[in-house]
Amino acid sequence: MAGGVKKPVNIFKLKDLGEPKNVFNWRLWFAVISFGLLGAARGVDEGLINGAFNSVDFQSTINYESYSLVEKTNIKANVSSMVQIGSVGGALFAFVVCDRIGRIWATRQLCVLWIVGIAIFMGHGGNLNAVYAGRFIAGLGVGQTPVVGPVYIAEIAPASIRGLCTCIFTGFVYLGIVLAYFTNYGAQVNLGDTTHVRWLAPTSLHIIFAGIVIILTLFQYESPRFLVKQGKHEKALENMAHIRHLPIDDPYIISEVNAIRAAHDEELEATKGANWLGIVKEMFLIPSNLYRLYLSFMVQILSQWSGAGSITLYAPDLFKILGIAGQNESLLVSGVFGIVKFVTAVVCALFLVDVIGRKRALLIGITLQAISMFYIAGFLTAVPELGVDEDYVLPEAEAGPSRGAIAMIYVSGIGWALGWNSMQYLLTAELFPLRIRAVSTSIAMTLHFANQYGNSRAVPNMLLPTANGGISPMGTFWCFAAVTILGGAWVWFFVPETGGRSLESMNRLFELPWYKIGLHGNEDADRMDQVINEKEADAYGASEHIDMIDERRAQGDTRV
């Protein structure tokens, strides 16, 4: 089928999708899991840094108590967000590495940067500049993960389960968050807060994950689509056959690789060459590609400023504002929050993203997120002293609404996992043609981390009372609520459904004028699919007829 499989996918009945039975084999899942583990880079850091920073021992090593309230807020924001600012450079650098040395070697070098940065952070010796430098260098590695991981996974996954495979990357983001939350909690409870091990032990999760990923890459094969781009067509056939677990001369393998080659040749012809200027022209002067850039850019902006990412990063602080008392209790409920998001991400990957489609899953997630943000903002409006007056004690009459607000934090996590957080990687990885895929994804992820840095850096200051230059917790959540509603409206009008399409057939979604693509792009693409399928069927029938005539002539039949 020209446009790929579009029927709902039952993860337990993959054999019913019409693909050769060997396609969904252990090699595919091993490769997807190996590169999906890169998602843990972000998850571990987001779940770890706030709890580690809040430990008494860590704060004493940097003489934290000697600073004023505003200075403390700035230091905490800088330490927490330094990985994000490093990730801006890492994401921008990723496309060069990806396209020069390949997806596998790119993974190995980013893991080295990740390890070196964390090692500097762990050995800072009380020097705040070393803390900043270590986290920045780690960010140079972490920032490459959402480019390299989803791109590789999208390039090797069959179209029918590409959403599932790419969402495994998101699942590992949440696995990293869960492990980080509970490692922080376990260290706080069992090791106490008077030793360096309290924050060094959780931080070592970074090095463990980076080491595991490096080892797993030793057993992986380079992306066939990258090899086609490099002109290594025979090697591309070999690798595709290995990943699909089929013979190299199998018609399925030959057809898939030929489709990749044809699409790449068409891209080269359209832009007259393979130099950097041709790539720039293809990205910004071809309307369909420019619209794809617009989609990926807006996804990053709206998702990050919806607030859910900063809720993950500052979860212990936010639970404390909403009425959770005590460091241990705050870490525990944060750990449960991570589990809720992880389970939701798994459910989304297995049962939603390739079943109801990307757009519907995204809108459901945004709806849940909006409801929770409005509730929390309303509760903080009713009790404006929370997070502003340190001596304020929550009255018993407000305990019920407080528990409701805490529950809504969990609901926002469910919405984030179903919606923005899964789609910001999936849509970006699958939208672009092969020739500009790495550079476009890299630019989109650069914007992702720039906005994540801006949001994570701003939120501690936003939460401050207005007397200290902030907008208070109440104003912060009203801001998140407004952005979430805006994001939902934008998705409804401008984002088409990409589920079930082969990467090479994605162009057909973007043939209409830009203002019609979101609402009518799929109908138009389906019509084009039908026309192309009919042409392919006619061509196949004509070929069969010619072969039959040639066979009869070879047998001496003179009537043909």
# chains A, B, ... in the order shown; residues from 1 in each chain; ligands from 1

$ residues_around --residues "A:Pro158" --least-positions-apart "4" --cutoff "9 Å" --atoms "only C-alpha atoms" --output "PDB file with C-alpha atoms, in the first residue's frame"
ATOM      1  CA  GLU A  19       3.732  -7.796   7.019  1.00  0.00           C
ATOM      2  CA  VAL A  23       9.632  -8.460  10.390  1.00  0.00           C
ATOM      3  CA  PHE A  24       8.582  -8.152  14.039  1.00  0.00           C
ATOM      4  CA  ALA A 154      11.996   5.873  13.172  1.00  0.00           C
ATOM      5  CA  ARG A 162       6.667   3.295  14.129  1.00  0.00           C
ATOM      6  CA  CYS A 165       8.724   1.997  18.614  1.00  0.00           C
ATOM      7  CA  SER A 502       5.769   5.154   5.566  1.00  0.00           C
TER       8      SER A 502
END

$ residues_around --residues "A:Asn25" --least-positions-apart "5" --cutoff "12 Å" --atoms "only C-alpha atoms" --output "list of chain:residue names"
A:Leu14, A:Lys15, A:Glu19, A:Pro20, A:Phe30, A:Ala31, A:Val32, A:Ala157, A:Pro158, A:Ala241, A:His242, A:Ile243, A:Arg244, A:His245, A:Leu246

$ write_last_selection --atoms "N, CA and C atoms" --output "PDB file, in the first residue's frame"
ATOM      1  N   LEU A  14       0.247  -8.564  15.907  1.00  0.00           N
ATOM      2  CA  LEU A  14       1.044  -7.928  14.856  1.00  0.00           C
ATOM      3  C   LEU A  14       1.050  -8.764  13.578  1.00  0.00           C
ATOM      4  N   LYS A  15       0.816 -10.071  13.711  1.00  0.00           N
ATOM      5  CA  LYS A  15       0.813 -10.935  12.523  1.00  0.00           C
ATOM      6  C   LYS A  15      -0.341 -10.610  11.590  1.00  0.00           C
ATOM      7  N   GLU A  19       2.283  -7.823   7.221  1.00  0.00           N
ATOM      8  CA  GLU A  19       3.732  -7.796   7.019  1.00  0.00           C
ATOM      9  C   GLU A  19       4.271  -9.232   7.086  1.00  0.00           C
ATOM     10  N   PRO A  20       5.422  -9.515   6.454  1.00  0.00           N
ATOM     11  CA  PRO A  20       6.050 -10.834   6.632  1.00  0.00           C
ATOM     12  C   PRO A  20       6.259 -11.128   8.115  1.00  0.00           C
ATOM     13  N   PHE A  30      15.346  -5.452  19.975  1.00  0.00           N
ATOM     14  CA  PHE A  30      16.624  -5.228  20.646  1.00  0.00           C
ATOM     15  C   PHE A  30      17.205  -3.880  20.223  1.00  0.00           C
ATOM     16  N   ALA A  31      17.135  -3.575  18.923  1.00  0.00           N
ATOM     17  CA  ALA A  31      17.647  -2.290  18.428  1.00  0.00           C
ATOM     18  C   ALA A  31      16.819  -1.131  18.979  1.00  0.00           C
ATOM     19  N   VAL A  32      15.491  -1.286  18.990  1.00  0.00           N
ATOM     20  CA  VAL A  32      14.615  -0.219  19.484  1.00  0.00           C
ATOM     21  C   VAL A  32      14.881   0.049  20.960  1.00  0.00           C
ATOM     22  N   ALA A 157      12.110   1.246  12.052  1.00  0.00           N
ATOM     23  CA  ALA A 157      10.815   0.663  12.429  1.00  0.00           C
ATOM     24  C   ALA A 157       9.895   0.539  11.213  1.00  0.00           C
ATOM     25  N   PRO A 158       9.167  -0.570  11.088  1.00  0.00           N
ATOM     26  CA  PRO A 158       8.116  -0.659  10.067  1.00  0.00           C
ATOM     27  C   PRO A 158       7.071   0.428  10.295  1.00  0.00           C
ATOM     28  N   ALA A 241      18.071  -6.356   5.723  1.00  0.00           N
ATOM     29  CA  ALA A 241      17.760  -7.788   5.790  1.00  0.00           C
ATOM     30  C   ALA A 241      18.024  -8.332   7.193  1.00  0.00           C
ATOM     31  N   HIS A 242      19.101  -7.865   7.816  1.00  0.00           N
ATOM     32  CA  HIS A 242      19.412  -8.318   9.177  1.00  0.00           C
ATOM     33  C   HIS A 242      18.341  -7.860  10.168  1.00  0.00           C
ATOM     34  N   ILE A 243      17.976  -6.572  10.099  1.00  0.00           N
ATOM     35  CA  ILE A 243      16.995  -6.029  11.036  1.00  0.00           C
ATOM     36  C   ILE A 243      15.622  -6.668  10.833  1.00  0.00           C
ATOM     37  N   ARG A 244      15.245  -6.912   9.570  1.00  0.00           N
ATOM     38  CA  ARG A 244      13.941  -7.513   9.272  1.00  0.00           C
ATOM     39  C   ARG A 244      13.962  -9.035   9.415  1.00  0.00           C
ATOM     40  N   HIS A 245      15.170  -9.616   9.574  1.00  0.00           N
ATOM     41  CA  HIS A 245      15.323 -11.057   9.721  1.00  0.00           C
ATOM     42  C   HIS A 245      14.795 -11.787   8.489  1.00  0.00           C
ATOM     43  N   LEU A 246      15.131 -11.259   7.319  1.00  0.00           N
ATOM     44  CA  LEU A 246      14.718 -11.844   6.044  1.00  0.00           C
ATOM     45  C   LEU A 246      15.936 -11.989   5.138  1.00  0.00           C
TER      46      LEU A 246
END

$ residues_around --residues "A:Phe342" --least-positions-apart "5" --cutoff "10 Å" --atoms "only C-alpha atoms" --output "PyMOL selection string"
chain A and resi 170-178+336-337+347-348+413-414+417

$ write_last_selection --atoms "all heavy atoms" --output "short mmCIF file (atom, residue, chain, number, x, y, z; two decimals), in the first residue's frame"
data_model
loop_
_atom_site.label_atom_id
_atom_site.label_comp_id
_atom_site.auth_asym_id
_atom_site.auth_seq_id
_atom_site.Cartn_x
_atom_site.Cartn_y
_atom_site.Cartn_z
N THR A 170 10.26 7.54 24.70
CA THR A 170 9.56 8.32 25.73
C THR A 170 9.37 7.50 27.00
O THR A 170 9.51 8.02 28.11
CB THR A 170 8.18 8.78 25.22
OG1 THR A 170 8.34 9.43 23.96
CG2 THR A 170 7.52 9.72 26.20
N GLY A 171 9.08 6.21 26.85
CA GLY A 171 8.93 5.35 28.01
C GLY A 171 10.19 5.31 28.86
O GLY A 171 10.12 5.31 30.10
N PHE A 172 11.34 5.30 28.20
CA PHE A 172 12.59 5.28 28.94
C PHE A 172 12.90 6.63 29.60
O PHE A 172 13.62 6.69 30.60
CB PHE A 172 13.75 4.84 28.05
CG PHE A 172 13.86 3.34 27.92
CD1 PHE A 172 13.57 2.69 26.73
CD2 PHE A 172 14.25 2.58 29.02
CE1 PHE A 172 13.66 1.32 26.63
CE2 PHE A 172 14.34 1.20 28.92
CZ PHE A 172 14.05 0.56 27.73
N VAL A 173 12.35 7.71 29.04
CA VAL A 173 12.44 9.00 29.74
C VAL A 173 11.81 8.85 31.12
O VAL A 173 12.40 9.25 32.15
CB VAL A 173 11.74 10.13 28.96
CG1 VAL A 173 11.68 11.41 29.80
CG2 VAL A 173 12.45 10.40 27.64
N TYR A 174 10.63 8.25 31.17
CA TYR A 174 9.91 8.11 32.43
C TYR A 174 10.52 7.04 33.33
O TYR A 174 10.48 7.16 34.56
CB TYR A 174 8.44 7.82 32.18
CG TYR A 174 7.73 9.00 31.56
CD1 TYR A 174 7.06 8.89 30.36
CD2 TYR A 174 7.80 10.24 32.17
CE1 TYR A 174 6.43 9.99 29.79
CE2 TYR A 174 7.18 11.34 31.62
CZ TYR A 174 6.50 11.22 30.42
OH TYR A 174 5.89 12.30 29.86
N LEU A 175 11.10 6.00 32.74
CA LEU A 175 11.81 5.01 33.55
C LEU A 175 12.98 5.69 34.26
O LEU A 175 13.22 5.45 35.45
CB LEU A 175 12.32 3.87 32.68
CG LEU A 175 13.11 2.78 33.42
CD1 LEU A 175 12.22 2.09 34.46
CD2 LEU A 175 13.68 1.76 32.45
N GLY A 176 13.69 6.57 33.55
CA GLY A 176 14.78 7.32 34.16
C GLY A 176 14.27 8.21 35.29
O GLY A 176 14.91 8.31 36.35
N ILE A 177 13.12 8.85 35.07
CA ILE A 177 12.53 9.72 36.11
C ILE A 177 12.18 8.90 37.35
O ILE A 177 12.49 9.29 38.48
CB ILE A 177 11.28 10.43 35.56
CG1 ILE A 177 11.68 11.49 34.52
CG2 ILE A 177 10.49 11.09 36.69
CD1 ILE A 177 10.51 12.12 33.80
N VAL A 178 11.52 7.74 37.15
CA VAL A 178 11.12 6.90 38.28
C VAL A 178 12.34 6.45 39.08
O VAL A 178 12.38 6.55 40.31
CB VAL A 178 10.32 5.68 37.79
CG1 VAL A 178 10.11 4.67 38.92
CG2 VAL A 178 8.97 6.11 37.23
N VAL A 336 6.05 8.45 43.24
CA VAL A 336 4.77 7.91 42.76
C VAL A 336 4.34 8.65 41.49
O VAL A 336 3.80 8.06 40.55
CB VAL A 336 3.69 8.02 43.85
CG1 VAL A 336 2.34 7.55 43.33
CG2 VAL A 336 4.10 7.20 45.07
N PHE A 337 4.57 9.96 41.46
CA PHE A 337 4.27 10.78 40.28
C PHE A 337 5.03 10.24 39.06
O PHE A 337 4.47 10.12 37.97
CB PHE A 337 4.69 12.22 40.57
CG PHE A 337 4.48 13.19 39.45
CD1 PHE A 337 3.26 13.31 38.79
CD2 PHE A 337 5.52 14.04 39.04
CE1 PHE A 337 3.07 14.21 37.76
CE2 PHE A 337 5.34 14.95 38.01
CZ PHE A 337 4.12 15.04 37.37
N VAL A 347 1.18 2.68 28.34
CA VAL A 347 -0.18 2.49 27.81
C VAL A 347 -0.34 3.24 26.48
O VAL A 347 -0.91 2.70 25.52
CB VAL A 347 -1.22 2.97 28.83
CG1 VAL A 347 -2.62 3.00 28.20
CG2 VAL A 347 -1.23 2.07 30.06
N CYS A 348 0.19 4.46 26.43
CA CYS A 348 0.11 5.25 25.20
C CYS A 348 0.83 4.56 24.06
O CYS A 348 0.32 4.46 22.94
CB CYS A 348 0.70 6.64 25.45
SG CYS A 348 0.66 7.73 24.00
N GLY A 413 0.42 14.91 34.81
CA GLY A 413 1.47 13.99 34.35
C GLY A 413 0.93 12.98 33.37
O GLY A 413 1.60 12.64 32.38
N ILE A 414 -0.28 12.48 33.63
CA ILE A 414 -0.92 11.54 32.68
C ILE A 414 -1.14 12.23 31.34
O ILE A 414 -0.83 11.68 30.28
CB ILE A 414 -2.25 11.02 33.26
CG1 ILE A 414 -1.99 10.15 34.49
CG2 ILE A 414 -3.03 10.24 32.20
CD1 ILE A 414 -3.26 9.75 35.24
N ALA A 417 2.19 12.73 29.48
CA ALA A 417 2.71 11.49 28.92
C ALA A 417 1.92 11.03 27.71
O ALA A 417 2.49 10.51 26.73
CB ALA A 417 2.72 10.40 29.99
#

$ atom_distance --atom1 "atom CA of A:Thr195" --atom2 "atom CA of A:Ile212"
27.4 Å

$ select_by_dssp --residues "stretch 313-361 of chain A" --states "helix (DSSP H, G or I)" --output "PyMOL selection string"
chain A and resi 313+315-321+327-352+358-361

$ write_last_selection --atoms "N, CA, C and O atoms" --output "short mmCIF file (atom, residue, chain, number, x, y, z; two decimals), in the first residue's frame"
data_model
loop_
_atom_site.label_atom_id
_atom_site.label_comp_id
_atom_site.auth_asym_id
_atom_site.auth_seq_id
_atom_site.Cartn_x
_atom_site.Cartn_y
_atom_site.Cartn_z
N LEU A 313 10.57 18.56 36.81
CA LEU A 313 11.87 19.00 37.31
C LEU A 313 11.78 19.48 38.76
O LEU A 313 12.66 19.19 39.58
N ALA A 315 9.17 18.88 40.94
CA ALA A 315 8.05 18.20 41.61
C ALA A 315 8.10 18.28 43.13
O ALA A 315 7.08 18.61 43.77
N PRO A 316 9.23 17.99 43.78
CA PRO A 316 9.23 18.07 45.26
C PRO A 316 8.85 19.46 45.78
O PRO A 316 8.11 19.58 46.76
N ASP A 317 9.34 20.52 45.11
CA ASP A 317 9.01 21.88 45.54
C ASP A 317 7.53 22.19 45.35
O ASP A 317 6.90 22.82 46.21
N LEU A 318 6.97 21.73 44.23
CA LEU A 318 5.57 22.03 43.94
C LEU A 318 4.64 21.26 44.87
O LEU A 318 3.60 21.78 45.30
N PHE A 319 4.97 20.00 45.18
CA PHE A 319 4.16 19.26 46.14
C PHE A 319 4.20 19.93 47.51
O PHE A 319 3.20 19.95 48.23
N LYS A 320 5.34 20.49 47.86
CA LYS A 320 5.46 21.20 49.14
C LYS A 320 4.55 22.43 49.14
O LYS A 320 3.86 22.71 50.14
N ILE A 321 4.50 23.17 48.03
CA ILE A 321 3.64 24.35 47.94
C ILE A 321 2.17 23.96 48.12
O ILE A 321 1.40 24.67 48.78
N GLN A 327 10.63 16.64 53.76
CA GLN A 327 11.46 16.29 52.61
C GLN A 327 11.20 14.85 52.16
O GLN A 327 11.06 14.58 50.97
N ASN A 328 11.14 13.91 53.10
CA ASN A 328 10.93 12.52 52.74
C ASN A 328 9.58 12.31 52.06
O ASN A 328 9.47 11.60 51.05
N GLU A 329 8.54 12.92 52.61
CA GLU A 329 7.19 12.78 52.02
C GLU A 329 7.14 13.37 50.63
O GLU A 329 6.53 12.81 49.71
N SER A 330 7.80 14.51 50.45
CA SER A 330 7.81 15.17 49.15
C SER A 330 8.51 14.31 48.11
O SER A 330 8.05 14.17 46.97
N LEU A 331 9.64 13.68 48.50
CA LEU A 331 10.35 12.80 47.58
C LEU A 331 9.53 11.56 47.25
O LEU A 331 9.53 11.07 46.11
N LEU A 332 8.79 11.03 48.23
CA LEU A 332 7.98 9.84 48.01
C LEU A 332 6.85 10.10 47.02
O LEU A 332 6.65 9.33 46.08
N VAL A 333 6.10 11.18 47.23
CA VAL A 333 4.99 11.46 46.32
C VAL A 333 5.52 11.82 44.94
O VAL A 333 4.86 11.57 43.92
N SER A 334 6.73 12.37 44.86
CA SER A 334 7.36 12.62 43.56
C SER A 334 7.67 11.31 42.86
O SER A 334 7.50 11.18 41.64
N GLY A 335 8.13 10.31 43.63
CA GLY A 335 8.40 9.00 43.05
C GLY A 335 7.14 8.36 42.49
O GLY A 335 7.15 7.78 41.40
N VAL A 336 6.05 8.45 43.24
CA VAL A 336 4.77 7.91 42.76
C VAL A 336 4.34 8.65 41.49
O VAL A 336 3.80 8.06 40.55
N PHE A 337 4.57 9.96 41.46
CA PHE A 337 4.27 10.78 40.28
C PHE A 337 5.03 10.24 39.06
O PHE A 337 4.47 10.12 37.97
N GLY A 338 6.29 9.88 39.25
CA GLY A 338 7.07 9.30 38.16
C GLY A 338 6.51 7.99 37.67
O GLY A 338 6.46 7.72 36.47
N ILE A 339 6.05 7.14 38.61
CA ILE A 339 5.45 5.86 38.23
C ILE A 339 4.19 6.07 37.40
O ILE A 339 3.97 5.39 36.39
N VAL A 340 3.34 7.02 37.82
CA VAL A 340 2.12 7.32 37.07
C VAL A 340 2.44 7.71 35.64
O VAL A 340 1.80 7.23 34.68
N LYS A 341 3.44 8.55 35.45
CA LYS A 341 3.81 8.99 34.11
C LYS A 341 4.40 7.85 33.28
O LYS A 341 4.15 7.73 32.09
N PHE A 342 5.20 7.01 33.93
CA PHE A 342 5.80 5.87 33.23
C PHE A 342 4.73 4.90 32.74
O PHE A 342 4.74 4.49 31.58
N VAL A 343 3.79 4.56 33.62
CA VAL A 343 2.71 3.63 33.24
C VAL A 343 1.88 4.23 32.10
O VAL A 343 1.51 3.54 31.14
N THR A 344 1.60 5.53 32.19
CA THR A 344 0.82 6.19 31.15
C THR A 344 1.55 6.15 29.81
O THR A 344 0.94 5.92 28.76
N ALA A 345 2.86 6.38 29.84
CA ALA A 345 3.65 6.35 28.60
C ALA A 345 3.61 4.96 27.97
O ALA A 345 3.51 4.82 26.74
N VAL A 346 3.67 3.91 28.80
CA VAL A 346 3.61 2.54 28.28
C VAL A 346 2.25 2.27 27.66
O VAL A 346 2.15 1.70 26.55
N VAL A 347 1.18 2.68 28.34
CA VAL A 347 -0.18 2.49 27.81
C VAL A 347 -0.34 3.24 26.48
O VAL A 347 -0.91 2.70 25.52
N CYS A 348 0.19 4.46 26.43
CA CYS A 348 0.11 5.25 25.20
C CYS A 348 0.83 4.56 24.06
O CYS A 348 0.32 4.46 22.94
N ALA A 349 2.03 4.05 24.32
CA ALA A 349 2.82 3.39 23.28
C ALA A 349 2.15 2.11 22.79
O ALA A 349 2.10 1.85 21.58
N LEU A 350 1.61 1.31 23.71
CA LEU A 350 1.06 0.01 23.34
C LEU A 350 -0.34 0.08 22.75
O LEU A 350 -0.67 -0.66 21.82
N PHE A 351 -1.17 1.00 23.26
CA PHE A 351 -2.59 0.92 22.92
C PHE A 351 -3.19 2.17 22.28
O PHE A 351 -4.35 2.15 21.88
N LEU A 352 -2.45 3.26 22.20
CA LEU A 352 -3.06 4.49 21.72
C LEU A 352 -2.43 5.06 20.46
O LEU A 352 -3.10 5.30 19.47
N ARG A 358 -1.88 9.78 16.31
CA ARG A 358 -1.09 10.78 17.04
C ARG A 358 -1.94 11.96 17.49
O ARG A 358 -1.86 12.41 18.62
N LYS A 359 -2.76 12.45 16.58
CA LYS A 359 -3.50 13.68 16.86
C LYS A 359 -4.52 13.50 17.97
O LYS A 359 -4.64 14.35 18.87
N ARG A 360 -5.26 12.41 17.94
CA ARG A 360 -6.26 12.18 18.98
C ARG A 360 -5.60 11.97 20.34
O ARG A 360 -6.07 12.50 21.36
N ALA A 361 -4.51 11.20 20.37
CA ALA A 361 -3.80 10.99 21.63
C ALA A 361 -3.29 12.32 22.18
O ALA A 361 -3.36 12.59 23.39
#

$ decode --residues "stretch 134-152 of chain A" --atoms "N, CA, C and O atoms" --output "short mmCIF file (atom, residue, chain, number, x, y, z; two decimals), in the first residue's frame"
data_model
loop_
_atom_site.label_atom_id
_atom_site.label_comp_id
_atom_site.auth_asym_id
_atom_site.auth_seq_id
_atom_site.Cartn_x
_atom_site.Cartn_y
_atom_site.Cartn_z
N GLY A 134 30.34 21.06 34.76
CA GLY A 134 30.05 19.64 34.60
C GLY A 134 28.67 19.39 34.03
O GLY A 134 28.49 18.57 33.12
N ARG A 135 27.71 20.13 34.52
CA ARG A 135 26.34 19.93 34.02
C ARG A 135 26.20 20.46 32.59
O ARG A 135 25.44 19.92 31.81
N PHE A 136 26.94 21.50 32.25
CA PHE A 136 26.90 21.99 30.88
C PHE A 136 27.47 20.96 29.90
O PHE A 136 26.88 20.68 28.85
N ILE A 137 28.62 20.37 30.25
CA ILE A 137 29.24 19.36 29.38
C ILE A 137 28.35 18.13 29.27
O ILE A 137 28.18 17.56 28.18
N ALA A 138 27.77 17.71 30.40
CA ALA A 138 26.82 16.59 30.34
C ALA A 138 25.66 16.92 29.39
O ALA A 138 25.19 16.07 28.64
N GLY A 139 25.22 18.18 29.42
CA GLY A 139 24.15 18.62 28.52
C GLY A 139 24.51 18.51 27.05
O GLY A 139 23.65 18.23 26.21
N LEU A 140 25.79 18.71 26.72
CA LEU A 140 26.22 18.55 25.32
C LEU A 140 25.97 17.13 24.83
O LEU A 140 25.68 16.92 23.65
N GLY A 141 26.09 16.15 25.74
CA GLY A 141 25.77 14.77 25.37
C GLY A 141 24.29 14.49 25.43
O GLY A 141 23.71 13.94 24.50
N VAL A 142 23.65 14.89 26.54
CA VAL A 142 22.21 14.64 26.72
C VAL A 142 21.40 15.29 25.61
O VAL A 142 20.40 14.72 25.14
N GLY A 143 21.82 16.47 25.15
CA GLY A 143 21.09 17.18 24.12
C GLY A 143 21.05 16.47 22.78
O GLY A 143 20.17 16.73 21.95
N GLN A 144 21.97 15.56 22.56
CA GLN A 144 21.98 14.80 21.30
C GLN A 144 21.03 13.61 21.33
O GLN A 144 20.66 13.08 20.28
N THR A 145 20.63 13.18 22.54
CA THR A 145 19.83 11.95 22.64
C THR A 145 18.48 12.02 21.93
O THR A 145 18.10 11.05 21.26
N PRO A 146 17.71 13.13 22.04
CA PRO A 146 16.41 13.15 21.35
C PRO A 146 16.52 13.37 19.85
O PRO A 146 15.51 13.36 19.15
N VAL A 147 17.73 13.57 19.34
CA VAL A 147 17.95 13.61 17.90
C VAL A 147 18.34 12.21 17.43
O VAL A 147 17.69 11.61 16.56
N VAL A 148 19.38 11.66 18.02
CA VAL A 148 19.94 10.39 17.56
C VAL A 148 18.97 9.23 17.82
O VAL A 148 18.71 8.42 16.92
N GLY A 149 18.42 9.15 19.04
CA GLY A 149 17.56 8.03 19.39
C GLY A 149 16.30 7.91 18.54
O GLY A 149 16.11 6.91 17.83
N PRO A 150 15.42 8.92 18.56
CA PRO A 150 14.19 8.82 17.76
C PRO A 150 14.44 8.72 16.25
O PRO A 150 13.68 8.04 15.56
N VAL A 151 15.48 9.38 15.73
CA VAL A 151 15.76 9.29 14.30
C VAL A 151 16.13 7.86 13.92
O VAL A 151 15.61 7.30 12.95
N TYR A 152 17.02 7.24 14.68
CA TYR A 152 17.41 5.86 14.38
C TYR A 152 16.20 4.92 14.48
O TYR A 152 15.97 4.08 13.59
#
